[in-house]
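A.B. asks: What follows is the file model_9.txt, containing compact mmCIF, C-alpha atoms:
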```
# COMPACT_ATOMS: atom_id res chain seq x y z
CA MET K 1 0.00 0.00 0.00
CA ALA K 2 0.04 1.82 1.30
CA PRO K 3 0.05 1.97 0.14
CA GLU K 4 0.17 5.96 0.25
CA SER K 5 -0.44 15.75 -6.27
CA GLU K 6 -1.01 19.04 -8.08
CA PRO K 7 -4.44 20.36 -7.17
CA ARG K 8 -4.09 23.52 -9.25
CA MET K 9 -3.62 21.72 -12.49
CA LEU K 10 -7.17 20.49 -12.57
CA TYR K 11 -9.05 23.69 -13.10
CA THR K 12 -6.79 25.30 -15.64
CA ASP K 13 -6.56 24.69 -19.37
CA ARG K 14 -5.44 21.42 -20.97
CA ALA K 15 -1.77 22.28 -20.88
CA ALA K 16 -1.76 22.94 -17.17
CA PRO K 17 -1.02 19.41 -15.98
CA GLN K 18 2.33 19.54 -17.71
CA ASP K 19 3.29 23.13 -17.13
CA ASP K 20 2.23 23.70 -13.54
CA LYS K 21 4.07 21.26 -11.31
CA GLU K 22 4.97 23.19 -8.22
CA GLY K 23 2.61 21.64 -5.70
CA SER K 24 2.70 17.95 -6.51
CA GLU K 25 2.92 16.45 -3.06
CA THR K 26 -0.04 14.08 -2.68
CA LEU K 27 -1.70 11.25 -4.50
CA GLU K 28 -5.13 12.60 -3.83
CA GLY K 29 -5.25 16.21 -5.00
CA CYS K 30 -5.94 15.56 -8.67
CA GLN K 31 -8.95 13.43 -7.88
CA VAL K 32 -10.66 15.67 -5.42
CA ALA K 33 -10.13 18.85 -7.38
CA LYS K 34 -11.85 17.25 -10.34
CA ASP K 35 -14.78 16.13 -8.20
CA SER K 36 -15.28 19.56 -6.68
CA ASP K 37 -14.93 21.58 -9.92
CA PRO K 38 -13.74 24.74 -8.17
CA SER K 39 -13.57 26.84 -11.32
CA SER K 40 -17.32 26.84 -11.69
CA HIS K 41 -18.01 28.35 -8.25
CA PRO K 42 -14.90 30.26 -7.14
CA HIS K 43 -16.93 32.51 -4.83
CA GLU K 44 -18.00 29.53 -2.73
CA PHE K 45 -14.52 28.75 -1.41
CA PRO K 46 -13.78 30.42 1.94
CA GLU K 47 -9.99 29.87 1.58
CA GLY K 48 -9.65 29.53 5.33
CA GLY K 49 -11.53 30.03 8.54
CA LEU K 50 -12.11 27.79 11.54
CA ALA K 51 -14.21 25.18 9.72
CA ALA K 52 -11.76 24.98 6.80
CA TRP K 53 -8.62 24.52 8.86
CA ALA K 54 -10.36 22.21 11.33
CA THR K 55 -11.38 20.00 8.41
CA THR K 56 -7.83 20.12 7.07
CA PHE K 57 -6.45 19.12 10.47
CA GLY K 58 -8.96 16.28 10.63
CA ALA K 59 -7.84 15.03 7.21
CA PHE K 60 -4.23 15.24 8.42
CA LEU K 61 -5.08 12.97 11.35
CA ILE K 62 -6.96 10.56 9.07
CA GLN K 63 -3.94 10.21 6.81
CA SER K 64 -1.66 9.72 9.79
CA CYS K 65 -3.81 6.94 11.25
CA GLY K 66 -4.77 5.38 7.92
CA PHE K 67 -2.05 5.12 5.32
CA GLY K 68 0.57 6.11 7.88
CA TYR K 69 -0.32 3.03 9.92
CA THR K 70 -0.41 0.83 6.82
CA THR K 71 3.13 1.78 5.80
CA SER K 72 4.36 0.92 9.30
CA PHE K 73 3.76 -2.78 8.67
CA GLY K 74 7.50 -3.45 8.62
CA VAL K 75 7.38 -3.41 12.44
CA TYR K 76 4.73 -6.13 12.45
CA GLN K 77 6.61 -8.09 9.77
CA ASP K 78 9.64 -8.23 12.05
CA PHE K 79 7.65 -9.05 15.19
CA TYR K 80 5.50 -11.72 13.58
CA THR K 81 8.48 -13.40 11.92
CA GLN K 82 10.59 -13.59 15.06
CA HIS K 83 8.04 -13.92 17.87
CA TYR K 84 4.33 -14.18 17.13
CA LEU K 85 3.85 -16.20 13.94
CA THR K 86 6.96 -18.32 14.05
CA ASN K 87 5.24 -21.23 12.33
CA GLU K 88 4.48 -19.10 9.25
CA THR K 89 6.80 -18.20 6.40
CA SER K 90 7.87 -14.64 5.64
CA SER K 91 5.79 -14.87 2.46
CA ALA K 92 2.61 -15.77 4.35
CA ILE K 93 3.17 -12.94 6.82
CA SER K 94 3.76 -10.50 3.97
CA TRP K 95 0.30 -11.27 2.58
CA ILE K 96 -1.19 -9.50 5.62
CA GLY K 97 0.54 -6.21 4.85
CA SER K 98 0.27 -6.50 1.07
CA LEU K 99 -3.50 -7.08 1.19
CA ASN K 100 -3.86 -4.14 3.56
CA THR K 101 -1.93 -1.92 1.15
CA PHE K 102 -3.83 -3.20 -1.88
CA LEU K 103 -7.22 -2.51 -0.32
CA VAL K 104 -6.18 1.06 0.50
CA THR K 105 -4.68 1.99 -2.85
CA ALA K 106 -6.83 -0.04 -5.25
CA LEU K 107 -10.14 -1.63 -4.31
CA CYS K 108 -11.34 0.98 -1.83
CA TRP K 109 -10.36 3.87 -4.14
CA GLY K 110 -13.44 3.46 -6.35
CA PHE K 111 -15.77 2.58 -3.47
CA SER K 112 -14.85 5.48 -1.22
CA ARG K 113 -14.75 7.84 -4.19
CA LYS K 114 -18.40 7.07 -4.95
CA LEU K 115 -19.25 7.72 -1.32
CA SER K 116 -17.56 11.12 -1.48
CA LYS K 117 -19.45 11.91 -4.69
CA VAL K 118 -22.88 11.43 -3.14
CA TYR K 119 -22.18 13.74 -0.23
CA LEU K 120 -21.48 10.86 2.14
CA ALA K 121 -17.83 11.61 2.78
CA THR K 122 -18.44 12.18 6.49
CA ILE K 123 -20.31 8.89 6.81
CA SER K 124 -17.51 7.09 4.98
CA VAL K 125 -14.88 8.58 7.29
CA ILE K 126 -16.87 7.73 10.41
CA ALA K 127 -17.48 4.16 9.21
CA GLY K 128 -13.80 3.74 8.37
CA SER K 129 -12.76 5.15 11.75
CA LEU K 130 -15.04 2.78 13.65
CA LEU K 131 -13.85 -0.18 11.58
CA GLN K 132 -10.20 0.70 12.12
CA SER K 133 -10.63 0.98 15.88
CA PHE K 134 -12.59 -2.28 15.97
CA SER K 135 -10.03 -4.09 13.79
CA LEU K 136 -7.10 -2.95 15.94
CA PHE K 137 -8.79 -4.05 19.16
CA MET K 138 -9.63 -7.39 17.54
CA LEU K 139 -5.99 -7.67 16.45
CA SER K 140 -4.96 -7.24 20.08
CA LEU K 141 -7.04 -10.32 20.93
CA SER K 142 -5.30 -12.48 18.33
CA LYS K 143 -3.43 -15.44 19.77
CA PRO K 144 0.14 -16.47 18.87
CA ASP K 145 0.40 -18.60 15.72
CA GLN K 146 -3.26 -17.98 14.87
CA TYR K 147 -2.61 -16.65 11.38
CA TYR K 148 -6.23 -16.36 10.24
CA GLN K 149 -7.13 -14.10 13.17
CA ILE K 150 -4.36 -11.63 12.36
CA PHE K 151 -5.03 -11.85 8.62
CA LEU K 152 -8.71 -10.98 9.02
CA ALA K 153 -8.18 -8.20 11.57
CA GLN K 154 -5.11 -6.53 10.08
CA GLY K 155 -5.09 -7.54 6.43
CA VAL K 156 -8.80 -7.29 5.65
CA GLY K 157 -10.28 -5.11 8.40
CA LEU K 158 -7.61 -2.41 8.53
CA GLY K 159 -7.30 -2.40 4.74
CA ILE K 160 -10.99 -1.74 4.18
CA ALA K 161 -11.08 0.80 7.01
CA SER K 162 -8.16 2.81 5.64
CA GLY K 163 -9.62 2.63 2.15
CA LEU K 164 -12.95 4.01 3.34
CA MET K 165 -11.22 7.02 4.88
CA TYR K 166 -8.46 7.63 2.34
CA VAL K 167 -10.16 9.52 -0.48
CA PRO K 168 -13.19 11.07 1.29
CA SER K 169 -10.96 12.74 3.88
CA ILE K 170 -9.12 14.48 1.06
CA ALA K 171 -12.31 15.26 -0.88
CA VAL K 172 -13.73 17.19 2.06
CA VAL K 173 -10.67 19.45 2.19
CA SER K 174 -11.25 20.44 -1.44
CA HIS K 175 -14.64 21.90 -0.42
CA TYR K 176 -12.91 24.77 1.35
CA PHE K 177 -9.92 25.79 -0.75
CA ARG K 178 -9.17 26.88 -4.29
CA ARG K 179 -6.22 29.29 -4.34
CA ARG K 180 -4.68 27.82 -1.18
CA ARG K 181 -5.46 24.20 -2.03
CA THR K 182 -1.81 23.30 -2.65
CA LEU K 183 -0.91 24.47 0.86
CA ALA K 184 -3.78 22.54 2.40
CA MET K 185 -3.06 19.36 0.43
CA THR K 186 0.63 19.51 1.29
CA PHE K 187 -0.23 19.68 4.97
CA VAL K 188 -2.69 16.78 4.66
CA ALA K 189 -0.22 14.66 2.67
CA SER K 190 2.42 15.11 5.36
CA GLY K 191 0.07 13.32 7.76
CA SER K 192 0.75 9.89 6.28
CA SER K 193 4.50 10.50 6.41
CA LEU K 194 4.34 11.70 10.01
CA GLY K 195 2.23 8.69 10.92
CA ALA K 196 4.81 6.42 9.30
CA VAL K 197 7.39 7.97 11.65
CA ILE K 198 5.36 7.97 14.87
CA HIS K 199 3.73 4.54 14.62
CA PRO K 200 6.96 2.51 14.13
CA ILE K 201 8.56 4.18 17.16
CA MET K 202 5.49 3.56 19.28
CA LEU K 203 4.88 -0.01 18.06
CA ASN K 204 8.50 -1.12 18.47
CA ASN K 205 8.59 0.09 22.06
CA LEU K 206 5.16 -1.35 22.89
CA LEU K 207 5.45 -4.75 21.23
CA ASN K 208 8.99 -5.39 22.44
CA GLY K 209 8.54 -3.80 25.86
CA ARG K 210 6.80 -4.73 29.08
CA LEU K 211 3.29 -4.59 27.63
CA GLY K 212 3.75 -7.30 25.02
CA PHE K 213 1.63 -7.84 21.93
CA GLY K 214 -1.91 -7.76 23.30
CA ASN K 215 -1.62 -4.74 25.57
CA GLY K 216 0.77 -3.03 23.17
CA VAL K 217 -1.67 -3.25 20.26
CA ARG K 218 -4.50 -2.13 22.55
CA ALA K 219 -2.46 0.92 23.56
CA SER K 220 -1.82 1.66 19.89
CA ALA K 221 -5.53 1.14 19.13
CA GLY K 222 -6.49 3.56 21.89
CA PHE K 223 -4.08 6.19 20.58
CA VAL K 224 -5.38 5.79 17.01
CA SER K 225 -9.02 5.81 18.18
CA VAL K 226 -8.56 9.11 20.01
CA LEU K 227 -6.97 10.72 16.95
CA LEU K 228 -9.74 9.40 14.70
CA LEU K 229 -12.40 10.70 17.10
CA ILE K 230 -10.82 14.15 16.98
CA ALA K 231 -10.68 13.92 13.17
CA CYS K 232 -14.37 13.01 12.88
CA LEU K 233 -15.35 15.90 15.17
CA CYS K 234 -13.27 18.34 13.12
CA MET K 235 -14.38 17.43 9.58
CA ARG K 236 -17.41 18.92 7.83
CA THR K 237 -18.65 18.82 4.23
CA ARG K 238 -20.14 21.84 2.47
CA LEU K 239 -20.54 21.39 -1.32
CA ASP K 240 -23.20 19.59 -3.33
CA PRO K 241 -22.24 16.46 -5.28
CA PRO K 242 -21.23 16.84 -8.96
CA THR K 243 -24.06 16.56 -11.50
CA THR K 244 -22.11 14.69 -14.20
CA PRO K 245 -20.63 11.40 -12.95
CA THR K 246 -17.70 9.89 -14.85
CA ASN K 247 -18.40 6.93 -17.13
CA TYR K 248 -15.71 4.40 -16.27
CA ILE K 249 -16.52 2.13 -19.21
CA VAL K 250 -16.03 4.89 -21.79
CA ALA K 251 -12.84 6.05 -20.07
CA ALA K 252 -11.48 2.48 -19.96
CA ARG K 253 -12.05 2.05 -23.70
CA LYS K 254 -10.11 5.22 -24.38
CA CYS K 255 -7.28 4.09 -22.09
CA ILE K 256 -6.80 0.90 -24.09
CA CYS K 257 -5.94 2.98 -27.16
CA ASP K 258 -3.68 5.36 -25.22
CA ALA K 259 -0.18 3.87 -25.50
CA PRO K 260 1.59 6.24 -23.04
CA PHE K 261 -1.11 5.57 -20.46
CA ILE K 262 -0.76 1.80 -20.90
CA PHE K 263 3.01 1.99 -20.39
CA MET K 264 2.47 4.18 -17.33
CA ILE K 265 0.21 1.51 -15.81
CA ALA K 266 2.76 -1.17 -16.67
CA GLY K 267 5.51 0.91 -15.07
CA GLY K 268 3.43 1.38 -11.93
CA PHE K 269 2.67 -2.34 -11.70
CA PHE K 270 6.29 -3.43 -12.07
CA PHE K 271 7.70 -0.74 -9.79
CA GLN K 272 5.16 -1.33 -7.03
CA THR K 273 5.97 -5.04 -7.13
CA GLY K 274 9.39 -4.16 -5.72
CA PHE K 275 8.54 -0.84 -4.07
CA TYR K 276 7.30 -2.23 -0.73
CA TYR K 277 10.16 -4.68 -0.18
CA PRO K 278 12.28 -2.18 1.84
CA LEU K 279 9.22 -0.92 3.73
CA PHE K 280 8.33 -4.44 4.87
CA PHE K 281 11.76 -6.02 5.35
CA PHE K 282 14.19 -3.20 6.12
CA GLN K 283 13.96 -3.55 9.91
CA LEU K 284 14.11 -7.36 9.84
CA ASP K 285 17.05 -7.20 7.44
CA SER K 286 18.97 -4.93 9.81
CA ILE K 287 18.37 -7.16 12.82
CA LYS K 288 19.29 -10.36 11.01
CA HIS K 289 22.58 -8.81 9.92
CA GLY K 290 23.58 -8.45 13.56
CA LEU K 291 23.05 -4.71 13.97
CA SER K 292 21.90 -3.23 17.23
CA ILE K 293 18.24 -4.03 17.87
CA THR K 294 17.67 -0.55 19.28
CA PHE K 295 19.11 1.03 16.17
CA SER K 296 17.24 -1.37 13.86
CA PHE K 297 13.97 -0.27 15.45
CA TYR K 298 14.64 3.19 14.02
CA SER K 299 15.61 2.04 10.52
CA LEU K 300 12.05 2.53 9.26
CA VAL K 301 11.91 5.90 10.98
CA ILE K 302 15.00 7.04 9.06
CA LEU K 303 13.42 5.87 5.81
CA ASN K 304 10.07 7.54 6.47
CA VAL K 305 11.54 10.87 7.61
CA SER K 306 13.42 11.04 4.32
CA ASN K 307 10.19 10.08 2.55
CA CYS K 308 8.40 13.01 4.19
CA VAL K 309 11.11 15.45 3.10
CA ALA K 310 10.82 14.17 -0.47
CA ARG K 311 7.07 14.72 -0.60
CA VAL K 312 7.46 18.32 0.53
CA THR K 313 10.30 19.13 -1.87
CA SER K 314 9.02 17.17 -4.89
CA GLY K 315 6.98 20.07 -6.25
CA PHE K 316 9.98 22.38 -6.40
CA ILE K 317 12.07 19.75 -8.18
CA ALA K 318 9.29 18.89 -10.64
CA ALA K 319 9.02 22.56 -11.58
CA PHE K 320 12.49 22.27 -13.13
CA THR K 321 12.59 18.66 -14.32
CA GLY K 322 9.00 17.98 -15.32
CA VAL K 323 6.82 15.24 -13.85
CA PRO K 324 7.70 12.43 -16.33
CA ASN K 325 11.44 13.04 -15.97
CA LEU K 326 11.28 13.11 -12.19
CA ILE K 327 9.31 9.88 -11.92
CA ILE K 328 11.84 8.18 -14.23
CA VAL K 329 14.70 9.30 -11.99
CA ALA K 330 12.80 8.20 -8.87
CA THR K 331 11.96 4.73 -10.14
CA ILE K 332 15.36 3.92 -11.67
CA SER K 333 17.16 5.22 -8.58
CA GLY K 334 14.78 3.36 -6.28
CA GLY K 335 15.37 0.10 -8.15
CA VAL K 336 19.14 0.54 -7.99
CA LEU K 337 18.98 1.25 -4.25
CA ILE K 338 16.92 -1.90 -3.68
CA LEU K 339 19.66 -3.81 -5.46
CA GLY K 340 22.03 -2.04 -3.09
CA MET K 341 20.30 -3.76 -0.18
CA ILE K 342 22.23 -6.87 -1.20
CA GLY K 343 25.25 -5.21 0.41
CA LEU K 344 23.47 -4.14 3.61
CA SER K 345 25.71 -5.20 6.49
CA SER K 346 26.63 -2.21 8.63
CA LEU K 347 25.07 0.71 10.46
CA ALA K 348 26.34 3.14 7.82
CA SER K 349 24.78 1.10 5.00
CA VAL K 350 21.41 1.09 6.76
CA VAL K 351 21.48 4.87 7.20
CA VAL K 352 22.59 5.57 3.62
CA LEU K 353 20.11 3.15 2.05
CA GLY K 354 17.30 4.31 4.33
CA VAL K 355 17.80 8.00 3.61
CA MET K 356 18.31 7.61 -0.13
CA TYR K 357 15.58 5.04 -0.77
CA GLY K 358 13.14 6.92 1.44
CA TYR K 359 13.73 10.08 -0.54
CA PHE K 360 13.28 8.54 -3.98
CA ALA K 361 10.27 6.56 -2.77
CA GLY K 362 8.73 9.83 -1.57
CA LEU K 363 9.36 11.44 -4.95
CA TYR K 364 7.64 8.54 -6.67
CA ILE K 365 4.56 8.69 -4.42
CA ALA K 366 4.28 12.44 -4.93
CA MET K 367 4.54 12.22 -8.72
CA VAL K 368 2.05 9.43 -9.47
CA ALA K 369 -1.11 11.55 -9.53
CA PRO K 370 0.46 14.50 -11.42
CA LEU K 371 1.70 12.01 -14.01
CA VAL K 372 -1.82 10.64 -14.53
CA ALA K 373 -3.06 14.21 -14.97
CA THR K 374 -0.26 14.95 -17.44
CA LEU K 375 -1.26 11.97 -19.59
CA THR K 376 -4.99 12.70 -19.50
CA PRO K 377 -6.12 14.63 -22.61
CA ASP K 378 -9.62 15.25 -21.23
CA LEU K 379 -9.52 16.22 -17.56
CA SER K 380 -13.19 15.29 -17.13
CA GLU K 381 -11.94 11.69 -17.27
CA LEU K 382 -9.22 12.23 -14.70
CA GLY K 383 -11.06 10.54 -11.85
CA ALA K 384 -11.81 7.45 -13.91
CA ARG K 385 -8.24 7.21 -15.18
CA MET K 386 -6.92 7.65 -11.67
CA GLY K 387 -9.06 4.78 -10.45
CA ILE K 388 -8.06 2.52 -13.34
CA CYS K 389 -4.38 3.28 -12.84
CA PHE K 390 -4.38 2.69 -9.08
CA PHE K 391 -6.48 -0.48 -9.34
CA ILE K 392 -4.24 -2.21 -11.88
CA SER K 393 -0.96 -0.93 -10.48
CA GLY K 394 -2.12 -1.95 -7.01
CA PHE K 395 -1.81 -5.61 -7.94
CA GLY K 396 1.95 -5.08 -7.92
CA SER K 397 1.83 -4.12 -4.24
CA LEU K 398 -0.41 -7.13 -3.59
CA ILE K 399 1.95 -9.77 -4.97
CA GLY K 400 5.37 -8.13 -4.57
CA THR K 401 6.21 -8.66 -0.89
CA PRO K 402 4.76 -12.20 -0.69
CA ILE K 403 7.01 -13.17 -3.61
CA SER K 404 9.96 -11.53 -1.87
CA GLY K 405 9.11 -13.36 1.34
CA ALA K 406 9.00 -16.69 -0.50
CA LEU K 407 12.39 -15.97 -2.07
CA LEU K 408 13.80 -15.05 1.33
CA THR K 409 13.03 -18.55 2.74
CA SER K 410 13.51 -19.54 6.35
CA ASN K 411 17.28 -19.36 5.87
CA TYR K 412 17.09 -15.59 5.29
CA THR K 413 18.90 -15.51 1.96
CA TRP K 414 18.66 -11.74 1.58
CA TRP K 415 20.31 -11.26 -1.80
CA ILE K 416 17.62 -13.19 -3.72
CA PRO K 417 14.56 -11.06 -2.81
CA ALA K 418 16.65 -7.89 -3.07
CA LEU K 419 17.77 -8.91 -6.56
CA PHE K 420 14.21 -9.76 -7.62
CA SER K 421 12.72 -6.54 -6.20
CA GLY K 422 15.49 -4.38 -7.61
CA ILE K 423 15.31 -5.82 -11.12
CA ILE K 424 11.53 -5.60 -11.33
CA SER K 425 11.62 -2.02 -10.00
CA VAL K 426 14.17 -1.04 -12.64
CA THR K 427 11.91 -2.71 -15.21
CA GLY K 428 9.15 -0.39 -14.05
CA GLY K 429 11.48 2.55 -14.57
CA MET K 430 12.17 1.36 -18.12
CA MET K 431 8.40 1.30 -18.78
CA TYR K 432 8.25 4.93 -17.68
CA ILE K 433 11.07 5.79 -20.10
CA ILE K 434 9.09 4.24 -22.96
CA MET K 435 6.01 6.10 -21.76
CA ARG K 436 7.84 9.42 -21.89
CA PHE K 437 9.17 8.74 -25.37
CA MET K 438 5.70 7.93 -26.71
CA PHE K 439 4.12 10.87 -24.91
CA VAL K 440 6.63 13.36 -26.32
CA ARG K 441 6.17 11.90 -29.80
CA ARG K 442 2.42 12.31 -29.49
CA GLN K 443 2.84 15.91 -28.40
CA ILE K 444 5.06 16.65 -31.42
CA LYS K 445 2.48 15.14 -33.76
CA GLU K 446 -0.35 17.11 -32.19
CA LYS K 447 1.65 20.33 -32.43
CA ALA K 448 2.43 19.66 -36.07
CA TYR K 449 -1.24 18.91 -36.77
CA ARG K 450 -2.41 22.14 -35.14
CA SER K 451 0.13 24.22 -37.09
CA THR K 452 -1.15 22.91 -40.45
```
When written as structure tokens, how does the structure in this file appear?

C.D. replies:
Amino acid sequence: MAPESEPRMLYTDRAAPQDDKEGSETLEGCQVAKDSDPSSHPHEFPEGGLAAWATTFGAFLIQSCGFGYTTSFGVYQDFYTQHYLTNETSSAISWIGSLNTFLVTALCWGFSRKLSKVYLATISVIAGSLLQSFSLFMLSLSKPDQYYQIFLAQGVGLGIASGLMYVPSIAVVSHYFRRRRTLAMTFVASGSSLGAVIHPIMLNNLLNGRLGFGNGVRASAGFVSVLLLIACLCMRTRLDPPTTPTNYIVAARKCICDAPFIFMIAGGFFFQTGFYYPLFFFQLDSIKHGLSITFSFYSLVILNVSNCVARVTSGFIAAFTGVPNLIIVATISGGVLILGMIGLSSLASVVVLGVMYGYFAGLYIAMVAPLVATLTPDLSELGARMGICFFISGFGSLIGTPISGALLTSNYTWWIPALFSGIISVTGGMMYIIMRFMFVRRQIKEKAYRST
């Protein structure tokens, strides 16, 4: 998942998605801006005020507890492998986190998006919050070596809960801002990164401390429940639903004939197959290589702090490089760094790989939605194309870490899954290179056609 853009580009002219890149920090902005259609009613946007910023703060908390918790699964992967699910393989344990991520980024995208369209965003957020709290408390009741209990509570329950909250929480923010939407979305997007820093620290100290698994998860569930309660009390909707829903079937037919878009989806699928390997196995890898357990507990924190910095700075970089170029650099570099995990053996290597991979992973996450907008000729289809892209690409996150876990085996042969994940991630980067070539060629042809 995690699982885990440029709001302004959606209410400008057709060239805007390529030319205006400065605020591309979140995956959600493109979608919600399209749903809200701010250009048609600019006078309705308060651009601030108590209700607006309270809603923004609530969305920030939702992202922190939702996708931020999902991307902290590496802590659970380590704990389950070594202590709680010792009879299960690393591959089987990875299915818990990969399904959680898939449900957030793929299946629940379309479902929660429809809820936000029919003015039920608040209900969707409340339902997701209740389900997340319930799932975490049920997870705390799971017994050692009872795989199905953990799979249902964490893989299925938390995945659906986070998916229900993911898009509607962002959609509500778009009801309040037009000119300042980039600022608001940047703040909201930082919530998932902050959550991915706080939750690993908290979970490592709880699960491996005096409280143990049951009480530790209950403490985490209580903390998350309080934050979600505050978020639900803060968030309010204010705009009517759009009158012209997107036809997914028509958009899908157009996508089939759009070669750059097809290669973008292929690139996303391949890259996401390897993308989550460091997020799930980085901490376990550090511990198994004999590094300090205390330091290893902070390996994911190092990675996620760098990820947060990348999301904030991605817009400034994209303004100079362009979205397609930046995502190519991010994916190729990310794949090479995953290959570099073959040589992980010292404290310095963990820090260097964590900082560098976290940064390029953050750039990739920040650029996905702007890239979809850049490749969408008709922005009225942006929502449908976003859903299609995330759904298909999400299968990469579903199968990637279980395959890596199977390659790891019980002997912890680390170079094999790192080699697999690195090569398939670089393959995704190559797909993005082909996508850029075809996109530029199409632009040249269209420019030549218009000049005749």

A.B. asks: Excluding same-chain residues fewer than 6 positions from segment 187-191 of chain K, what lies within 8 Å of it counting all atoms listed in the file, as a PyMOL selection string?

C.D. replies: chain K and resi 25-26+56-57+59-64+68+170+308+311-312

A.B. asks: Write out, as an mmCIF file, in the frame of the given file, the residues just selected, with C-alpha atoms.

C.D. replies:
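Printed below is selection32.cif as written:
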```
data_model
loop_
_atom_site.group_PDB
_atom_site.id
_atom_site.type_symbol
_atom_site.label_atom_id
_atom_site.label_comp_id
_atom_site.auth_asym_id
_atom_site.auth_seq_id
_atom_site.Cartn_x
_atom_site.Cartn_y
_atom_site.Cartn_z
ATOM 1 C CA GLU K 25 2.920 16.450 -3.060
ATOM 2 C CA THR K 26 -0.040 14.080 -2.680
ATOM 3 C CA THR K 56 -7.830 20.120 7.070
ATOM 4 C CA PHE K 57 -6.450 19.120 10.470
ATOM 5 C CA ALA K 59 -7.840 15.030 7.210
ATOM 6 C CA PHE K 60 -4.230 15.240 8.420
ATOM 7 C CA LEU K 61 -5.080 12.970 11.350
ATOM 8 C CA ILE K 62 -6.960 10.560 9.070
ATOM 9 C CA GLN K 63 -3.940 10.210 6.810
ATOM 10 C CA SER K 64 -1.660 9.720 9.790
ATOM 11 C CA GLY K 68 0.570 6.110 7.880
ATOM 12 C CA ILE K 170 -9.120 14.480 1.060
ATOM 13 C CA CYS K 308 8.400 13.010 4.190
ATOM 14 C CA ARG K 311 7.070 14.720 -0.600
ATOM 15 C CA VAL K 312 7.460 18.320 0.530
#
```

A.B. asks: For atom CA of Ser129 of chain K and atom CA of Trp53 of chain K, quote the distance in Å rounded to one decimal.

C.D. replies: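 Taking atom CA of Ser129 of chain K and atom CA of Trp53 of chain K, their separation equals 20.0 Å.
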
A.B. asks: Between atom CA of Gly290 of chain K and atom CA of Arg210 of chain K, what is the distance in Å, rounded to a tenth?

C.D. replies: 23.2 Å

A.B. asks: Return as a tab-separated table the residues of segment 80-199 of chain K lying at most 7 Å from segment 218-223 of chain K, together with the closest atom-to-atom pair for each and the distance in Å to one decimal, counting all atoms listed in the file, with rows in chain order and ascending residue number.

C.D. replies:
```
residue	atom	partner	partner_atom	distance
K:Ser133	CA	K:Ala221	CA	6.0
K:Leu136	CA	K:Ala221	CA	5.4
K:Phe137	CA	K:Arg218	CA	5.8
K:Ser140	CA	K:Arg218	CA	5.7
```

A.B. asks: Work out how far atom CA of Gly74 of chain K is from atom CA of Phe282 of chain K, in Å to one decimal.

C.D. replies: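 Going from atom CA of Phe282 of chain K over to atom CA of Gly74 of chain K, I get 7.1 Å.
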
A.B. asks: Residues near segment 417-425 of chain K, anyone? I mean within 9 Å using only C-alpha atoms, not counting same-chain ones fewer than 4 positions away, as an mmCIF file with C-alpha atoms, keeping the file's coordinate frame.

C.D. replies:
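Generated output (around-v9.cif):
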```
data_model
loop_
_atom_site.group_PDB
_atom_site.id
_atom_site.type_symbol
_atom_site.label_atom_id
_atom_site.label_comp_id
_atom_site.auth_asym_id
_atom_site.auth_seq_id
_atom_site.Cartn_x
_atom_site.Cartn_y
_atom_site.Cartn_z
ATOM 1 C CA GLY K 267 5.510 0.910 -15.070
ATOM 2 C CA PHE K 270 6.290 -3.430 -12.070
ATOM 3 C CA PHE K 271 7.700 -0.740 -9.790
ATOM 4 C CA GLN K 272 5.160 -1.330 -7.030
ATOM 5 C CA THR K 273 5.970 -5.040 -7.130
ATOM 6 C CA GLY K 274 9.390 -4.160 -5.720
ATOM 7 C CA PHE K 275 8.540 -0.840 -4.070
ATOM 8 C CA TYR K 276 7.300 -2.230 -0.730
ATOM 9 C CA TYR K 277 10.160 -4.680 -0.180
ATOM 10 C CA PRO K 278 12.280 -2.180 1.840
ATOM 11 C CA THR K 331 11.960 4.730 -10.140
ATOM 12 C CA ILE K 332 15.360 3.920 -11.670
ATOM 13 C CA GLY K 334 14.780 3.360 -6.280
ATOM 14 C CA GLY K 335 15.370 0.100 -8.150
ATOM 15 C CA VAL K 336 19.140 0.540 -7.990
ATOM 16 C CA LEU K 337 18.980 1.250 -4.250
ATOM 17 C CA ILE K 338 16.920 -1.900 -3.680
ATOM 18 C CA LEU K 339 19.660 -3.810 -5.460
ATOM 19 C CA GLY K 340 22.030 -2.040 -3.090
ATOM 20 C CA MET K 341 20.300 -3.760 -0.180
ATOM 21 C CA ILE K 342 22.230 -6.870 -1.200
ATOM 22 C CA GLY K 400 5.370 -8.130 -4.570
ATOM 23 C CA THR K 401 6.210 -8.660 -0.890
ATOM 24 C CA ILE K 403 7.010 -13.170 -3.610
ATOM 25 C CA SER K 404 9.960 -11.530 -1.870
ATOM 26 C CA GLY K 405 9.110 -13.360 1.340
ATOM 27 C CA ALA K 406 9.000 -16.690 -0.500
ATOM 28 C CA LEU K 407 12.390 -15.970 -2.070
ATOM 29 C CA LEU K 408 13.800 -15.050 1.330
ATOM 30 C CA THR K 413 18.900 -15.510 1.960
ATOM 31 C CA GLY K 429 11.480 2.550 -14.570
ATOM 32 C CA MET K 430 12.170 1.360 -18.120
#
```

A.B. asks: Would you list the contacts of Tyr166 of chain K as an NGL selection string, taking every protein, DNA or RNA residue within 9 Å and counting all atoms listed in the file, but skipping same-chain residues closer than 2 positions in sequence?

C.D. replies: :K and (28 or 59 or 62-63 or 66-67 or 104-105 or 108-109 or 112 or 125 or 128 or 161-164 or 168-170)
